[in-house]
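Listing of run.csv; format and content: CSV, C-alpha atoms.
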chain,number,residue,atom,x,y,z
A,1,MET,CA,-21.0,31.6,-6.9
A,2,SER,CA,-24.5,32.9,-6.9
A,3,ALA,CA,-26.6,33.3,-3.8
A,4,ASP,CA,-28.9,30.4,-4.8
A,5,ALA,CA,-25.9,28.1,-5.4
A,6,ALA,CA,-24.4,29.1,-2.1
A,7,ALA,CA,-27.7,28.3,-0.4
A,8,VAL,CA,-27.7,24.9,-1.9
A,9,ALA,CA,-24.1,24.2,-1.0
A,10,ILE,CA,-25.0,23.4,2.6
A,11,LYS,CA,-23.1,20.8,4.6
A,12,VAL,CA,-25.0,17.5,4.7
A,13,ARG,CA,-23.9,14.9,7.2
A,14,ARG,CA,-22.7,11.8,5.6
A,15,PRO,CA,-24.5,8.7,7.0
A,16,TRP,CA,-22.3,6.4,9.1
A,17,PHE,CA,-21.7,2.8,8.1
A,18,GLY,CA,-24.4,1.4,10.4
A,19,GLU,CA,-27.0,3.7,9.0
A,20,ARG,CA,-26.0,2.8,5.4
A,21,LEU,CA,-26.2,-0.9,6.4
A,22,LEU,CA,-29.7,-0.4,7.7
A,23,SER,CA,-30.7,1.6,4.7
A,24,GLY,CA,-29.9,-1.5,2.6
A,25,ARG,CA,-27.2,-0.1,0.4
A,26,VAL,CA,-24.5,-2.2,1.9
A,27,LEU,CA,-26.8,-5.2,2.0
A,28,LYS,CA,-27.7,-4.8,-1.7
A,29,GLY,CA,-23.9,-4.6,-2.5
A,30,ALA,CA,-23.2,-7.7,-0.5
A,31,LEU,CA,-26.1,-9.5,-2.2
A,32,GLY,CA,-24.7,-8.6,-5.6
A,33,LEU,CA,-21.3,-9.9,-4.6
A,34,LEU,CA,-22.8,-13.1,-3.3
A,35,LEU,CA,-24.7,-13.7,-6.6
A,36,VAL,CA,-21.4,-13.2,-8.6
A,37,LEU,CA,-19.6,-15.7,-6.3
A,38,VAL,CA,-22.5,-18.3,-6.5
A,39,ALA,CA,-22.6,-17.9,-10.3
A,40,TRP,CA,-18.8,-18.4,-10.4
A,41,GLN,CA,-18.8,-21.5,-8.2
A,42,VAL,CA,-21.7,-23.1,-10.1
A,43,SER,CA,-20.1,-22.4,-13.5
A,44,VAL,CA,-16.9,-24.4,-12.7
A,45,PRO,CA,-18.4,-27.9,-13.0
A,46,LEU,CA,-20.5,-26.8,-16.0
A,47,VAL,CA,-17.4,-25.5,-17.8
A,48,GLY,CA,-15.4,-28.6,-16.8
A,49,LEU,CA,-11.9,-27.0,-17.1
A,50,PRO,CA,-9.0,-28.1,-14.9
A,51,GLU,CA,-8.6,-26.1,-11.6
A,52,TYR,CA,-5.3,-24.4,-12.7
A,53,PHE,CA,-7.1,-23.1,-15.7
A,54,TYR,CA,-10.4,-21.9,-14.1
A,55,PRO,CA,-10.4,-22.3,-10.3
A,56,SER,CA,-13.6,-22.1,-8.3
A,57,ALA,CA,-14.5,-19.4,-5.8
A,58,LEU,CA,-14.1,-22.0,-3.0
A,59,ALA,CA,-10.6,-22.9,-4.3
A,60,VAL,CA,-9.7,-19.2,-4.3
A,61,TRP,CA,-11.1,-18.9,-0.7
A,62,ARG,CA,-9.0,-22.0,0.3
A,63,ALA,CA,-5.9,-20.6,-1.3
A,64,PHE,CA,-6.5,-17.3,0.6
A,65,LEU,CA,-6.8,-19.1,4.0
A,66,GLU,CA,-3.7,-21.2,3.2
A,67,LEU,CA,-1.7,-18.1,2.3
A,68,ILE,CA,-2.6,-16.6,5.6
A,69,ARG,CA,-2.0,-19.8,7.6
A,70,LYS,CA,1.5,-20.0,6.0
A,71,GLY,CA,2.3,-16.4,6.8
A,72,ILE,CA,2.9,-15.6,3.1
A,73,LEU,CA,0.0,-13.1,2.4
A,74,PRO,CA,0.5,-10.8,5.4
A,75,VAL,CA,4.2,-10.4,4.6
A,76,TYR,CA,3.5,-9.8,0.9
A,77,VAL,CA,0.8,-7.3,1.6
A,78,ALA,CA,3.0,-5.5,4.1
A,79,ASP,CA,5.9,-5.4,1.7
A,80,SER,CA,3.8,-4.1,-1.1
A,81,LEU,CA,2.2,-1.4,1.1
A,82,GLY,CA,5.7,-0.4,2.4
A,83,ARG,CA,7.0,0.0,-1.1
A,84,TYR,CA,3.8,1.8,-2.2
A,85,VAL,CA,3.9,4.4,0.7
A,86,THR,CA,7.6,5.0,0.3
A,87,GLY,CA,7.4,5.4,-3.5
A,88,VAL,CA,4.3,7.6,-3.4
A,89,GLY,CA,5.8,9.7,-0.6
A,90,LEU,CA,9.1,10.3,-2.4
A,91,GLY,CA,7.4,10.8,-5.8
A,92,THR,CA,5.1,13.4,-4.3
A,93,LEU,CA,7.9,15.3,-2.6
A,94,ILE,CA,10.0,15.3,-5.8
A,95,GLY,CA,7.0,16.2,-8.0
A,96,VAL,CA,5.8,19.1,-6.0
A,97,SER,CA,9.4,20.5,-5.4
A,98,LEU,CA,10.3,20.3,-9.1
A,99,GLY,CA,6.9,21.7,-10.1
A,100,LEU,CA,7.5,24.7,-7.8
A,101,LEU,CA,11.1,25.2,-8.9
A,102,ILE,CA,10.3,25.0,-12.6
A,103,SER,CA,7.3,27.3,-12.4
A,104,LEU,CA,9.2,30.0,-10.5
A,105,SER,CA,10.7,31.1,-13.8
A,106,ARG,CA,8.3,31.6,-16.7
A,107,THR,CA,11.0,30.8,-19.3
A,108,THR,CA,12.0,27.6,-17.6
A,109,ALA,CA,8.4,26.5,-17.3
A,110,ARG,CA,7.9,27.2,-21.0
A,111,VAL,CA,11.0,25.3,-22.0
A,112,LEU,CA,10.5,22.3,-19.7
A,113,ALA,CA,6.7,21.9,-20.0
A,114,PRO,CA,6.8,20.0,-23.3
A,115,LEU,CA,9.5,17.7,-21.9
A,116,VAL,CA,7.4,17.0,-18.8
A,117,ASN,CA,4.4,16.3,-21.0
A,118,PHE,CA,6.5,14.0,-23.2
A,119,LEU,CA,7.9,12.0,-20.2
A,120,TYR,CA,4.4,11.9,-18.6
A,121,ALA,CA,3.2,10.1,-21.7
A,122,ILE,CA,5.8,7.3,-21.5
A,123,VAL,CA,4.4,4.8,-19.1
A,124,GLU,CA,6.5,3.2,-16.4
A,125,VAL,CA,6.1,-0.2,-18.0
A,126,ALA,CA,8.4,1.0,-20.8
A,127,TRP,CA,11.0,2.2,-18.4
A,128,ILE,CA,11.2,-0.9,-16.1
A,129,PRO,CA,13.4,-3.1,-18.4
A,130,LEU,CA,15.8,-0.2,-18.7
A,131,PHE,CA,15.8,0.4,-14.9
A,132,VAL,CA,16.6,-3.3,-14.5
A,133,ILE,CA,19.6,-3.0,-16.8
A,134,TRP,CA,20.8,0.0,-14.8
A,135,TRP,CA,20.1,-1.1,-11.2
A,136,GLY,CA,19.4,-4.9,-11.4
A,137,TYR,CA,16.5,-6.6,-9.7
A,138,GLY,CA,15.4,-5.3,-6.3
A,139,LEU,CA,13.9,-2.5,-4.2
A,140,LYS,CA,15.7,0.3,-6.1
A,141,VAL,CA,14.0,-0.5,-9.4
A,142,ILE,CA,10.6,-0.7,-7.8
A,143,LEU,CA,11.0,2.6,-5.9
A,144,VAL,CA,12.4,4.4,-9.0
A,145,ALA,CA,9.4,3.1,-11.1
A,146,LEU,CA,7.0,4.3,-8.4
A,147,ILE,CA,8.6,7.7,-8.1
A,148,TYR,CA,8.5,8.1,-11.9
A,149,VAL,CA,4.8,7.1,-12.0
A,150,VAL,CA,3.8,9.5,-9.2
A,151,MET,CA,6.1,12.3,-10.0
A,152,PHE,CA,4.9,13.3,-13.5
A,153,PRO,CA,1.1,13.7,-12.8
A,154,ILE,CA,2.0,15.8,-9.7
A,155,LEU,CA,4.7,17.8,-11.5
A,156,TYR,CA,2.4,18.4,-14.5
A,157,ASN,CA,-0.6,19.4,-12.3
A,158,THR,CA,1.6,21.7,-10.2
A,159,LEU,CA,2.8,23.5,-13.3
A,160,VAL,CA,-0.8,23.8,-14.6
A,161,GLY,CA,-2.0,24.9,-11.1
A,162,ILE,CA,0.6,27.6,-10.8
A,163,ARG,CA,0.1,28.8,-14.4
A,164,THR,CA,-3.6,29.4,-13.8
A,165,VAL,CA,-3.1,31.6,-10.7
A,166,PRO,CA,-4.4,35.0,-11.7
A,167,GLN,CA,-1.5,37.5,-11.8
A,168,VAL,CA,-3.6,40.0,-9.9
A,169,TYR,CA,-3.2,38.0,-6.7
A,170,ILE,CA,0.6,37.9,-7.0
A,171,ASN,CA,0.7,41.6,-7.8
A,172,ALA,CA,-1.6,42.4,-4.8
A,173,LEU,CA,0.8,40.6,-2.4
A,174,ARG,CA,3.9,42.1,-4.1
A,175,SER,CA,2.4,45.6,-3.9
A,176,LEU,CA,1.9,45.1,-0.2
A,177,GLY,CA,5.6,44.3,0.2
A,178,GLY,CA,5.4,40.6,0.1
A,179,SER,CA,8.6,38.7,-0.6
A,180,ARG,CA,9.0,36.0,-3.3
A,181,LEU,CA,8.9,33.3,-0.6
A,182,GLN,CA,5.6,34.8,0.8
A,183,VAL,CA,4.2,34.8,-2.8
A,184,ILE,CA,5.0,31.1,-3.0
A,185,ARG,CA,3.7,30.3,0.5
A,186,GLU,CA,0.6,32.5,0.6
A,187,VAL,CA,-0.6,32.5,-3.1
A,188,LEU,CA,1.0,30.0,-5.4
A,189,VAL,CA,0.9,26.9,-3.2
A,190,PRO,CA,-2.6,27.3,-1.8
A,191,ALA,CA,-3.9,28.2,-5.3
A,192,ALA,CA,-2.2,25.2,-6.9
A,193,LEU,CA,-3.1,22.8,-4.1
A,194,PRO,CA,-6.4,21.5,-5.7
A,195,ASN,CA,-4.4,20.7,-8.9
A,196,ILE,CA,-1.6,19.1,-6.9
A,197,ILE,CA,-4.1,16.9,-5.0
A,198,THR,CA,-5.7,15.9,-8.2
A,199,GLY,CA,-2.3,15.0,-9.6
A,200,PHE,CA,-1.5,13.1,-6.4
A,201,ARG,CA,-4.6,11.0,-6.6
A,202,VAL,CA,-4.0,10.2,-10.3
A,203,GLY,CA,-0.4,9.4,-9.5
A,204,ALA,CA,-1.3,7.3,-6.5
A,205,GLY,CA,-3.7,5.3,-8.7
A,206,PHE,CA,-1.1,4.8,-11.4
A,207,ALA,CA,1.5,3.9,-8.7
A,208,PHE,CA,-0.6,1.0,-7.6
A,209,ARG,CA,-0.5,-0.5,-11.1
A,210,GLY,CA,3.2,0.4,-11.4
A,211,LEU,CA,3.9,-1.4,-8.1
A,212,ILE,CA,2.2,-4.6,-9.2
A,213,PHE,CA,4.0,-4.6,-12.5
A,214,SER,CA,7.4,-3.8,-11.1
A,215,GLU,CA,7.0,-6.5,-8.4
A,216,MET,CA,6.2,-9.0,-11.1
A,217,ILE,CA,9.6,-8.2,-12.7
A,218,ALA,CA,12.0,-7.1,-10.0
A,219,ALA,CA,10.8,-8.5,-6.6
A,220,LYS,CA,10.8,-11.8,-4.6
A,221,THR,CA,7.9,-10.7,-2.4
A,222,GLY,CA,4.8,-8.6,-2.7
A,223,LEU,CA,1.4,-9.0,-4.4
A,224,GLY,CA,2.8,-8.6,-7.9
A,225,TYR,CA,5.2,-11.4,-7.2
A,226,LEU,CA,2.4,-13.5,-5.8
A,227,ILE,CA,0.4,-13.0,-9.0
A,228,PHE,CA,3.4,-13.8,-11.1
A,229,GLU,CA,4.5,-16.8,-9.1
A,230,GLY,CA,1.0,-18.3,-8.9
A,231,THR,CA,0.8,-18.4,-12.7
A,232,ALA,CA,4.3,-19.7,-13.1
A,233,HIS,CA,3.6,-22.6,-10.7
A,234,HIS,CA,0.0,-23.4,-12.0
A,235,GLN,CA,-1.4,-22.1,-8.7
A,236,THR,CA,-4.0,-20.0,-10.4
A,237,ALA,CA,-6.1,-19.7,-7.3
A,238,ARG,CA,-3.2,-17.9,-5.6
A,239,THR,CA,-2.9,-15.5,-8.6
A,240,ILE,CA,-6.6,-14.6,-8.2
A,241,VAL,CA,-6.1,-14.1,-4.4
A,242,GLY,CA,-3.4,-11.6,-5.3
A,243,MET,CA,-5.6,-9.8,-7.7
A,244,ILE,CA,-8.5,-9.6,-5.2
A,245,CYS,CA,-6.2,-8.4,-2.5
A,246,MET,CA,-4.9,-5.7,-4.9
A,247,GLY,CA,-8.4,-4.5,-5.7
A,248,VAL,CA,-9.5,-4.5,-2.0
A,249,LEU,CA,-6.3,-2.7,-0.9
A,250,TRP,CA,-6.8,0.0,-3.6
A,251,LEU,CA,-10.5,0.5,-2.6
A,252,LEU,CA,-9.4,0.9,1.1
A,253,ILE,CA,-6.6,3.3,0.3
A,254,ASP,CA,-8.8,5.3,-2.0
A,255,ASN,CA,-11.9,5.5,0.2
A,256,VAL,CA,-10.2,5.8,3.6
A,257,TYR,CA,-7.3,8.1,2.7
A,258,LEU,CA,-7.3,9.6,-0.8
A,259,LYS,CA,-10.9,10.6,-1.4
A,260,PRO,CA,-11.4,12.3,2.1
A,261,PHE,CA,-8.0,14.0,1.7
A,262,GLU,CA,-9.0,15.3,-1.8
A,263,ARG,CA,-12.4,16.4,-0.6
A,264,ALA,CA,-11.0,18.2,2.5
A,265,THR,CA,-8.4,20.0,0.3
A,266,VAL,CA,-10.9,21.0,-2.3
A,267,GLU,CA,-13.3,22.3,0.3
A,268,ARG,CA,-10.5,24.2,2.1
A,269,TRP,CA,-8.5,25.6,-0.7
A,270,GLY,CA,-10.5,25.1,-3.9
A,271,THR,CA,-13.5,26.9,-5.4
A,272,VAL,CA,-16.0,24.4,-4.0
A,273,VAL,CA,-17.7,25.5,-0.8
A,274,ALA,CA,-18.9,22.1,0.3
A,275,ALA,CA,-18.2,19.2,-1.9
A,276,GLU,CA,-20.8,16.8,-0.7
A,277,GLU,CA,-21.0,13.1,-1.5
A,278,ARG,CA,-23.3,12.9,-4.5
A,279,ARG,CA,-24.9,9.5,-3.6
B,1,MET,CA,-16.4,30.3,18.6
B,2,ARG,CA,-13.3,28.2,19.2
B,3,PRO,CA,-14.1,24.6,19.8
B,4,MET,CA,-13.2,23.0,23.2
B,5,ARG,CA,-10.2,20.7,23.2
B,6,GLY,CA,-12.4,17.6,23.8
B,7,ASP,CA,-14.6,18.5,20.8
B,8,ARG,CA,-11.6,19.0,18.6
B,9,LEU,CA,-10.1,15.6,19.6
B,10,ARG,CA,-13.5,14.0,19.0
B,11,ARG,CA,-13.7,15.6,15.6
B,12,ILE,CA,-10.2,14.4,14.6
B,13,LEU,CA,-10.9,10.9,15.9
B,14,GLY,CA,-14.2,10.9,14.0
B,15,HIS,CA,-12.3,11.3,10.8
B,16,ARG,CA,-12.4,8.1,8.8
B,17,ALA,CA,-8.7,8.0,7.9
B,18,VAL,CA,-7.6,8.7,11.5
B,19,ALA,CA,-10.0,6.2,13.0
B,20,VAL,CA,-8.9,3.5,10.5
B,21,THR,CA,-5.2,4.2,11.1
B,22,LEU,CA,-5.7,4.1,14.9
B,23,ALA,CA,-7.6,0.8,14.6
B,24,LEU,CA,-4.8,-0.6,12.4
B,25,LEU,CA,-2.1,0.5,14.9
B,26,VAL,CA,-4.0,-0.9,17.9
B,27,ALA,CA,-4.5,-4.2,16.0
B,28,TRP,CA,-0.8,-4.3,15.1
B,29,GLY,CA,0.2,-3.5,18.7
B,30,ALA,CA,-2.0,-6.2,20.1
B,31,PHE,CA,-0.7,-8.7,17.5
B,32,SER,CA,2.9,-7.8,18.4
B,33,LEU,CA,2.3,-8.3,22.1
B,34,TRP,CA,0.7,-11.7,21.3
B,35,ALA,CA,3.6,-12.6,19.1
B,36,ASP,CA,6.1,-11.7,21.8
B,37,TRP,CA,4.2,-13.8,24.3
B,38,ALA,CA,3.8,-16.8,22.0
B,39,GLY,CA,7.5,-16.5,20.9
B,40,ALA,CA,8.7,-16.7,24.5
B,41,ARG,CA,6.7,-19.9,25.0
B,42,LYS,CA,8.1,-21.5,21.8
B,43,LEU,CA,11.7,-20.7,22.6
B,44,THR,CA,12.2,-20.2,26.3
B,45,ALA,CA,15.1,-18.4,28.0
B,46,VAL,CA,16.3,-21.7,29.4
B,47,GLU,CA,16.6,-23.1,25.8
B,48,LEU,CA,18.4,-20.0,24.7
B,49,ALA,CA,21.0,-20.5,27.4
B,50,SER,CA,22.5,-23.3,25.3
B,51,ALA,CA,23.7,-20.7,22.8
B,52,ARG,CA,27.5,-20.4,22.2
B,53,ASN,CA,29.1,-17.1,21.1
B,54,GLY,CA,25.6,-15.7,20.7
B,55,ARG,CA,24.6,-18.4,18.2
B,56,ILE,CA,22.4,-21.4,18.5
B,57,ASN,CA,21.5,-24.5,16.5
B,58,VAL,CA,17.8,-25.0,16.2
B,59,ALA,CA,15.1,-27.3,14.8
B,60,VAL,CA,12.2,-25.2,13.5
B,61,THR,CA,8.9,-27.0,13.2
B,62,LEU,CA,6.1,-25.6,11.1
B,63,ASP,CA,2.5,-26.8,10.7
B,64,PHE,CA,3.2,-27.6,7.0
B,65,GLY,CA,6.0,-28.4,4.7
B,66,PRO,CA,8.0,-25.2,4.1
B,67,GLU,CA,7.6,-23.5,0.8
B,68,ALA,CA,10.1,-21.3,-1.1
B,69,PHE,CA,9.0,-18.3,1.0
B,70,HIS,CA,9.8,-20.0,4.3
B,71,MET,CA,13.1,-21.5,2.9
B,72,MET,CA,14.2,-18.0,2.0
B,73,ILE,CA,13.6,-16.7,5.5
B,74,LEU,CA,15.3,-19.7,7.1
B,75,GLN,CA,18.3,-19.4,4.8
B,76,SER,CA,18.6,-15.7,5.6
B,77,ILE,CA,19.1,-16.3,9.4
B,78,GLY,CA,21.4,-19.3,9.5
B,79,ARG,CA,22.9,-22.3,7.8
B,80,LEU,CA,20.0,-24.5,6.6
B,81,ILE,CA,21.3,-28.1,7.1
B,82,GLU,CA,18.2,-30.1,6.1
B,83,VAL,CA,14.5,-30.3,6.0
B,84,LYS,CA,12.7,-33.4,7.2
B,85,GLY,CA,8.9,-33.2,6.8
B,86,ASP,CA,7.7,-30.1,8.6
B,87,THR,CA,11.0,-29.5,10.4
B,88,ALA,CA,13.9,-27.5,9.2
B,89,TYR,CA,17.4,-27.8,10.9
B,90,LEU,CA,19.5,-24.7,11.2
B,91,MET,CA,23.0,-24.1,12.5
B,92,ASP,CA,24.7,-20.9,13.7
B,93,VAL,CA,21.5,-18.9,14.1
B,94,PRO,CA,22.1,-15.6,16.1
B,95,VAL,CA,20.0,-15.6,19.3
B,96,ASP,CA,18.1,-12.5,18.3
B,97,GLU,CA,17.1,-14.1,14.9
B,98,ALA,CA,16.1,-17.3,16.7
B,99,ARG,CA,13.9,-15.2,19.0
B,100,SER,CA,12.3,-13.3,16.1
B,101,LEU,CA,11.7,-16.5,14.2
B,102,ALA,CA,9.9,-17.9,17.2
B,103,ARG,CA,7.6,-14.8,17.1
B,104,ARG,CA,6.3,-15.7,13.7
B,105,TYR,CA,2.8,-17.2,14.0
B,106,TRP,CA,3.4,-19.9,11.3
B,107,VAL,CA,6.3,-21.4,13.3
B,108,ARG,CA,4.9,-24.1,15.6
B,109,ASP,CA,8.0,-24.7,17.6
B,110,VAL,CA,11.7,-23.7,17.8
B,111,ALA,CA,13.9,-26.2,19.8
B,112,PRO,CA,17.6,-26.3,20.4
B,113,TRP,CA,19.4,-28.9,18.3
B,114,GLN,CA,22.8,-30.4,18.9
B,115,GLY,CA,23.8,-29.7,15.3
B,116,ARG,CA,26.2,-31.7,13.1
Could you take the file, read its structure, and then write that structure out as C-alpha cells?
Amino acid sequence: MSADAAAVAIKVRRPWFGERLLSGRVLKGALGLLLVLVAWQVSVPLVGLPEYFYPSALAVWRAFLELIRKGILPVYVADSLGRYVTGVGLGTLIGVSLGLLISLSRTTARVLAPLVNFLYAIVEVAWIPLFVIWWGYGLKVILVALIYVVMFPILYNTLVGIRTVPQVYINALRSLGGSRLQVIREVLVPAALPNIITGFRVGAGFAFRGLIFSEMIAAKTGLGYLIFEGTAHHQTARTIVGMICMGVLWLLIDNVYLKPFERATVERWGTVVAAEERR
Amino acid sequence: MRPMRGDRLRRILGHRAVAVTLALLVAWGAFSLWADWAGARKLTAVELASARNGRINVAVTLDFGPEAFHMMILQSIGRLIEVKGDTAYLMDVPVDEARSLARRYWVRDVAPWQGR
C-alpha cells in the first residue's frame, strides 16, 4: 500500500443509531417503507381481488399479531434459528476441516478440486428429494441440507485461500525450524482466513434459503413450513408474514453478526488496513 | 499501551453483536422468569397435588380455538380426549409437562380434571 493510500485509510468512527436517526437516514428509510405500505393498502380495493389471492397490508399485520398471540410465530422463528445456527456451525466446521486436510497435499488438492467445484454447483434443492428418500422427513434432512449448502463455499474458499499463500512465507517458517503444524497455524490459516470468512458469509446466505426450502418439504414447524402451510390453507397473509420475518431475520443476522465479523477479520488478517463503511 | 480492564470490557460491550446478543439474552431471561411466575399462578402446587403416579388429568383453556400447532403440542404431552370450544381435555399428563404447558403464554388456564 502506498503512503498516500495508508494516510487515507484512517479509522473513521461509525455514527451510532441515534446519530443516524437524527441525520435523517433512518427517517428517510422509514418514510420509503411507509409509502410502500400505503400504496399496497390502497391498491387492494382498487384491484378487487379476494383476500387469499392478494391480502392487504393490514391483513398481513393482523395475521402477524394473531400468530404471535397464538404462540405460533415465536416457536417457528426459534425452531428455524436453532436449525440455522446448528447447520451453519456444523457446515463451517466440516468445510474448514476438509479444506485444510485436502490442501495439505498438493496432489490431493489437485485431484479433489474439480469434484468440489462440481458439487458446489449442484444446489441443495436438487439434493433434498434424495435426502428425503434416504432419511425421511425431519430434522436430519434439514441439517444435512444446511451442512451441504454451507460446506462447499467454505471448502472451496479454503482451498483457494491456501493455494494463494505465497510459498516464500511457508519456506521462511520452515527454514526457521517450524513444524508442519506451525506452518498451518501460523501461516496457512491466517492467510486463508479472509477467504474462509468470505466463503462463510456466502454459505450463511445460501443456508438461509436452503433452510426455508428444506422446511417447506421436511418440517412441521419453522418459517418455511409457515410459508408452505399458509399457501396450502389459503392463509396467504400468513405466508407473507413468514416471508417478511425471513427477510427481517436475514437482515439482522447479516448486519449484527456476519458483516461486523467479516469486517473485523479482513481488518485483522487481510490486506485491508481499515475497511470503513462506505456510506 | 495496554488498555485498562474497564476500557476493554466497555469496548467488547460496545460491539454491536455482543450488545444485541446480551440484550436478547436479558429479554429471554426476563421472559422466562415471567413465564415461571405466570405458570405457577395458572397451575398451583395445590392443584398439582391431585396428581397420581406423577400424572394428572387437566383441562387446558386457551384464548382461542386450538389450531393444528396447538393440537400437536397437546397430543405430545398426554392423551387428548376432546376439545370443546377453547378448552382441550387431556389425561395422563406428566406433572412436569403440565407445569411447562402452564408456562406457555398462550395458555389461559390449566385446571385439574377428573377425567373419564
Pick from B:Arg103, B:Arg116, B:Arg52, B:Lys84: nearest to chain A, with all atoms listed in the file counted?
B:Arg103
With a distance threshold of 8 Å and counting all atoms listed in the file, extract the residues of chain A near chain B and express them as a list in words.
Arg69, Lys70, Gly71, Ile72, Val256, Tyr257 and Pro260 of chain A
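Atom CA of B:Ala40 to atom CA of A:Gly82 spans 27.6 Å [interatomic distance, one decimal].
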Which polymer residues have any atom within 7 Å of an atom of A:Arg201, counting all atoms listed in the file, with same-chain residues fewer than 4 positions away left out, as a count of residues only?
3
At a cut-off of 10 Å from (-14.1, -15.5, -2.5) in the coordinates of the file, what residues are picked up using only C-alpha atoms, written as number ranges by chain?
A: 33-34, 36-38, 40-41, 56-64, 240-241, 244
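Picture a line from atom CA of B:Arg79 to atom CA of B:Met91; it runs 5.0 Å.
Once B:Leu80 and its same-chain neighbours fewer than 4 positions away are set aside, Leu74, Gln75, Ala88, Tyr89, Leu90 and Met91 of chain B remain within 8 Å of it when counting all atoms listed in the file.
Here the question is which of B:Pro112, B:Gly29, B:Pro94, B:Gly85 gets nearest to B:Asn53 using all atoms listed in the file, and that residue is B:Pro94.
Here atom CA of A:Pro74 stands at a distance of 10.6 Å from atom CA of A:Cys245.
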Could you pull the residues within 8 Å of B:Val110, counting all atoms listed in the file, minus those fewer than 6 positions along the same chain, as a list in words?
Lys42, Leu43, Val58, Ala59, Val60, Thr61, Ala98 and Ala102 of chain B
Restrict the calculation to all atoms listed in the file, then for each residue of stretch 147-231 of chain A with any atom at most 8 Å from an atom of stretch 104-121 of chain A give the closest atom pair and their distance in Å to one decimal, rows by chain and rising residue number, as a Markdown table.
| residue | atom | partner | partner_atom | distance |
| --- | --- | --- | --- | --- |
| A:Phe152 | CA | A:Tyr120 | CA | 5.3 |
| A:Pro153 | CA | A:Tyr120 | CA | 6.9 |
| A:Leu155 | CA | A:Val116 | CA | 7.8 |
| A:Tyr156 | CA | A:Val116 | CA | 6.7 |
| A:Leu159 | CA | A:Ala109 | CA | 7.5 |
